[in-house]
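Notes for the one structure printed next.
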Amino acid sequence: MDQYLLSYINQQMLERGYKKYRFESLSILTKDDEVEYLYPAYNEYLFLVSKELANNTVICADNNVYTVNQHYKLQVFAQIREFTGQIKITNPANTVQLIEFIRVIPK
């Protein structure tokens, strides 16, 4: 895991008052014939870390809505998005992609 990413996540968790938490990876492989995916991320945080995503992919959660545009892969810091609560991913039609998150679970 990139040291910068770890530092950022640690800072975010400390700001929320969490001193103990664990990291897990979470990958969602989309199918070309399935448009919506739901993931319950209650009492946990997902940090988007995918290097590439298809244009018009939408990730919607209780705390954030993000629509991927053509500049996504050129971004570095802005790629790191945080999601929590009920997460709905809308996958563009006829698209197969791997969406990667760092899952942070407070103890």
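Chain labels follow the order of the structure tokens: the first chain is A, the next B, and so on; residue numbering restarts at 1 in every chain, and ligands are counted from 1 in their shown order.
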
Which residues come within 9 Å of A:Ser50, counting only C-alpha atoms, excluding same-chain residues fewer than 2 positions away, as a list in words? Leu48, Glu52, Leu53, Lys73, Gln79, Ile80, Leu98, Ile99, Glu100 and Phe101 of chain A

Please, which residues of chain A, numbered as in this document, come out strand (DSSP E or B) from DSSP, as an NGL selection string? :A and (21-29 or 36-48 or 58-60 or 65-67 or 82-90 or 98-106)

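Counting only C-alpha atoms, A:Arg103 has the following residues at most 9 Å away, ignoring those fewer than 4 positions along the same chain: A:Arg22, A:Phe23, A:Glu24, A:Ser25, A:Leu26, A:Ala41, A:Glu44, A:Tyr45, A:Leu46, A:Phe47, A:Leu48.
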
Residue subset to file, keeping C-alpha atoms, as a short mmCIF file (atom, residue, chain, number, x, y, z; two decimals), in the first residue's frame:
```cif
data_model
loop_
_atom_site.label_atom_id
_atom_site.label_comp_id
_atom_site.auth_asym_id
_atom_site.auth_seq_id
_atom_site.Cartn_x
_atom_site.Cartn_y
_atom_site.Cartn_z
CA ARG A 22 -7.96 -2.55 10.62
CA PHE A 23 -7.46 -2.52 6.88
CA GLU A 24 -8.81 -4.99 4.33
CA SER A 25 -8.87 -4.92 0.58
CA LEU A 26 -12.21 -5.02 -1.22
CA ALA A 41 -20.66 -0.38 4.39
CA GLU A 44 -16.85 0.98 8.10
CA TYR A 45 -15.21 3.21 5.52
CA LEU A 46 -14.28 2.42 1.93
CA PHE A 47 -11.51 4.40 0.26
CA LEU A 48 -11.51 4.15 -3.52
#
```

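Every residue of chain A found in alpha helix (DSSP H) when DSSP is run on the backbone appears here: A:Gln3, A:Tyr4, A:Leu5, A:Leu6, A:Ser7, A:Tyr8, A:Ile9, A:Asn10, A:Gln11, A:Gln12, A:Met13, A:Leu14, A:Glu15.
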
With only C-alpha atoms as the counted atoms, please give the residues lying no more than 12 Å from A:Glu82, apart from itself and same-chain residues fewer than 4 positions off, as a PyMOL selection string. chain A and resi 5+8-9+12-13+41+44-49+59-66+77-78+87+101-104

Go ahead and dump the residues you just picked, N, CA and C atoms, as an mmCIF file, in the first residue's frame.
```cif
data_model
loop_
_atom_site.group_PDB
_atom_site.id
_atom_site.type_symbol
_atom_site.label_atom_id
_atom_site.label_comp_id
_atom_site.auth_asym_id
_atom_site.auth_seq_id
_atom_site.Cartn_x
_atom_site.Cartn_y
_atom_site.Cartn_z
ATOM 1 N N LEU A 5 -1.069 7.064 0.871
ATOM 2 C CA LEU A 5 -2.447 6.626 1.093
ATOM 3 C C LEU A 5 -2.657 6.210 2.546
ATOM 4 N N TYR A 8 -2.845 9.260 4.735
ATOM 5 C CA TYR A 8 -4.122 9.949 4.557
ATOM 6 C C TYR A 8 -5.237 9.233 5.328
ATOM 7 N N ILE A 9 -5.308 7.911 5.183
ATOM 8 C CA ILE A 9 -6.351 7.148 5.872
ATOM 9 C C ILE A 9 -6.171 7.248 7.383
ATOM 10 N N GLN A 12 -7.484 10.572 8.526
ATOM 11 C CA GLN A 12 -8.945 10.616 8.502
ATOM 12 C C GLN A 12 -9.555 9.865 9.688
ATOM 13 N N MET A 13 -8.995 8.716 10.019
ATOM 14 C CA MET A 13 -9.539 7.924 11.124
ATOM 15 C C MET A 13 -9.284 8.610 12.466
ATOM 16 N N ALA A 41 -21.910 -0.758 3.716
ATOM 17 C CA ALA A 41 -20.662 -0.380 4.394
ATOM 18 C C ALA A 41 -20.981 0.421 5.654
ATOM 19 N N GLU A 44 -18.137 1.170 8.752
ATOM 20 C CA GLU A 44 -16.849 0.980 8.097
ATOM 21 C C GLU A 44 -16.701 2.055 7.032
ATOM 22 N N TYR A 45 -15.501 2.189 6.529
ATOM 23 C CA TYR A 45 -15.206 3.212 5.520
ATOM 24 C C TYR A 45 -14.516 2.547 4.339
ATOM 25 N N LEU A 46 -14.928 2.916 3.143
ATOM 26 C CA LEU A 46 -14.284 2.420 1.933
ATOM 27 C C LEU A 46 -13.578 3.581 1.253
ATOM 28 N N PHE A 47 -12.296 3.397 0.974
ATOM 29 C CA PHE A 47 -11.510 4.399 0.262
ATOM 30 C C PHE A 47 -11.220 3.856 -1.129
ATOM 31 N N LEU A 48 -11.688 4.553 -2.134
ATOM 32 C CA LEU A 48 -11.508 4.149 -3.521
ATOM 33 C C LEU A 48 -10.041 4.274 -3.896
ATOM 34 N N VAL A 49 -9.452 3.200 -4.417
ATOM 35 C CA VAL A 49 -8.035 3.222 -4.790
ATOM 36 C C VAL A 49 -7.784 2.674 -6.193
ATOM 37 N N ILE A 59 -20.476 6.091 -8.162
ATOM 38 C CA ILE A 59 -20.438 5.471 -6.840
ATOM 39 C C ILE A 59 -21.165 6.419 -5.896
ATOM 40 N N CYS A 60 -22.254 5.923 -5.335
ATOM 41 C CA CYS A 60 -23.124 6.747 -4.493
ATOM 42 C C CYS A 60 -23.212 6.094 -3.114
ATOM 43 N N ALA A 61 -22.964 6.883 -2.072
ATOM 44 C CA ALA A 61 -23.045 6.387 -0.699
ATOM 45 C C ALA A 61 -23.784 7.409 0.146
ATOM 46 N N ASP A 62 -23.950 7.094 1.417
ATOM 47 C CA ASP A 62 -24.635 8.012 2.321
ATOM 48 C C ASP A 62 -23.876 9.323 2.493
ATOM 49 N N ASN A 63 -22.564 9.302 2.287
ATOM 50 C CA ASN A 63 -21.750 10.499 2.519
ATOM 51 C C ASN A 63 -21.127 11.107 1.265
ATOM 52 N N ASN A 64 -21.289 10.493 0.113
ATOM 53 C CA ASN A 64 -20.563 10.959 -1.063
ATOM 54 C C ASN A 64 -21.208 10.413 -2.334
ATOM 55 N N VAL A 65 -21.169 11.210 -3.380
ATOM 56 C CA VAL A 65 -21.566 10.758 -4.715
ATOM 57 C C VAL A 65 -20.437 11.149 -5.652
ATOM 58 N N TYR A 66 -19.945 10.178 -6.415
ATOM 59 C CA TYR A 66 -18.825 10.454 -7.312
ATOM 60 C C TYR A 66 -19.107 9.847 -8.677
ATOM 61 N N PHE A 77 -4.184 12.436 -6.054
ATOM 62 C CA PHE A 77 -4.844 12.597 -4.763
ATOM 63 C C PHE A 77 -6.362 12.539 -4.902
ATOM 64 N N ALA A 78 -6.899 13.115 -5.952
ATOM 65 C CA ALA A 78 -8.356 13.190 -6.116
ATOM 66 C C ALA A 78 -8.988 11.827 -6.367
ATOM 67 N N ILE A 87 -23.820 1.688 -0.153
ATOM 68 C CA ILE A 87 -23.094 2.093 -1.354
ATOM 69 C C ILE A 87 -23.744 1.451 -2.572
ATOM 70 N N PHE A 101 -11.144 -0.966 -3.433
ATOM 71 C CA PHE A 101 -11.252 -0.115 -2.256
ATOM 72 C C PHE A 101 -10.318 -0.632 -1.168
ATOM 73 N N ILE A 102 -9.910 0.266 -0.290
ATOM 74 C CA ILE A 102 -9.335 -0.119 0.992
ATOM 75 C C ILE A 102 -10.484 -0.001 1.984
ATOM 76 N N ARG A 103 -10.793 -1.086 2.633
ATOM 77 C CA ARG A 103 -11.882 -1.134 3.609
ATOM 78 C C ARG A 103 -11.276 -0.925 4.996
ATOM 79 N N VAL A 104 -11.768 0.063 5.719
ATOM 80 C CA VAL A 104 -11.249 0.373 7.050
ATOM 81 C C VAL A 104 -12.363 0.138 8.061
#
```

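The shortest atom-to-atom distance to A:Asn94, with only C-alpha atoms taken into account, belongs to A:Val35 out of A:Val35, A:Leu14, A:Leu29, A:Leu6.
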
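Rounded to one decimal, atom CA of A:Lys31 and atom CA of A:Thr90 lie 11.3 Å from each other.
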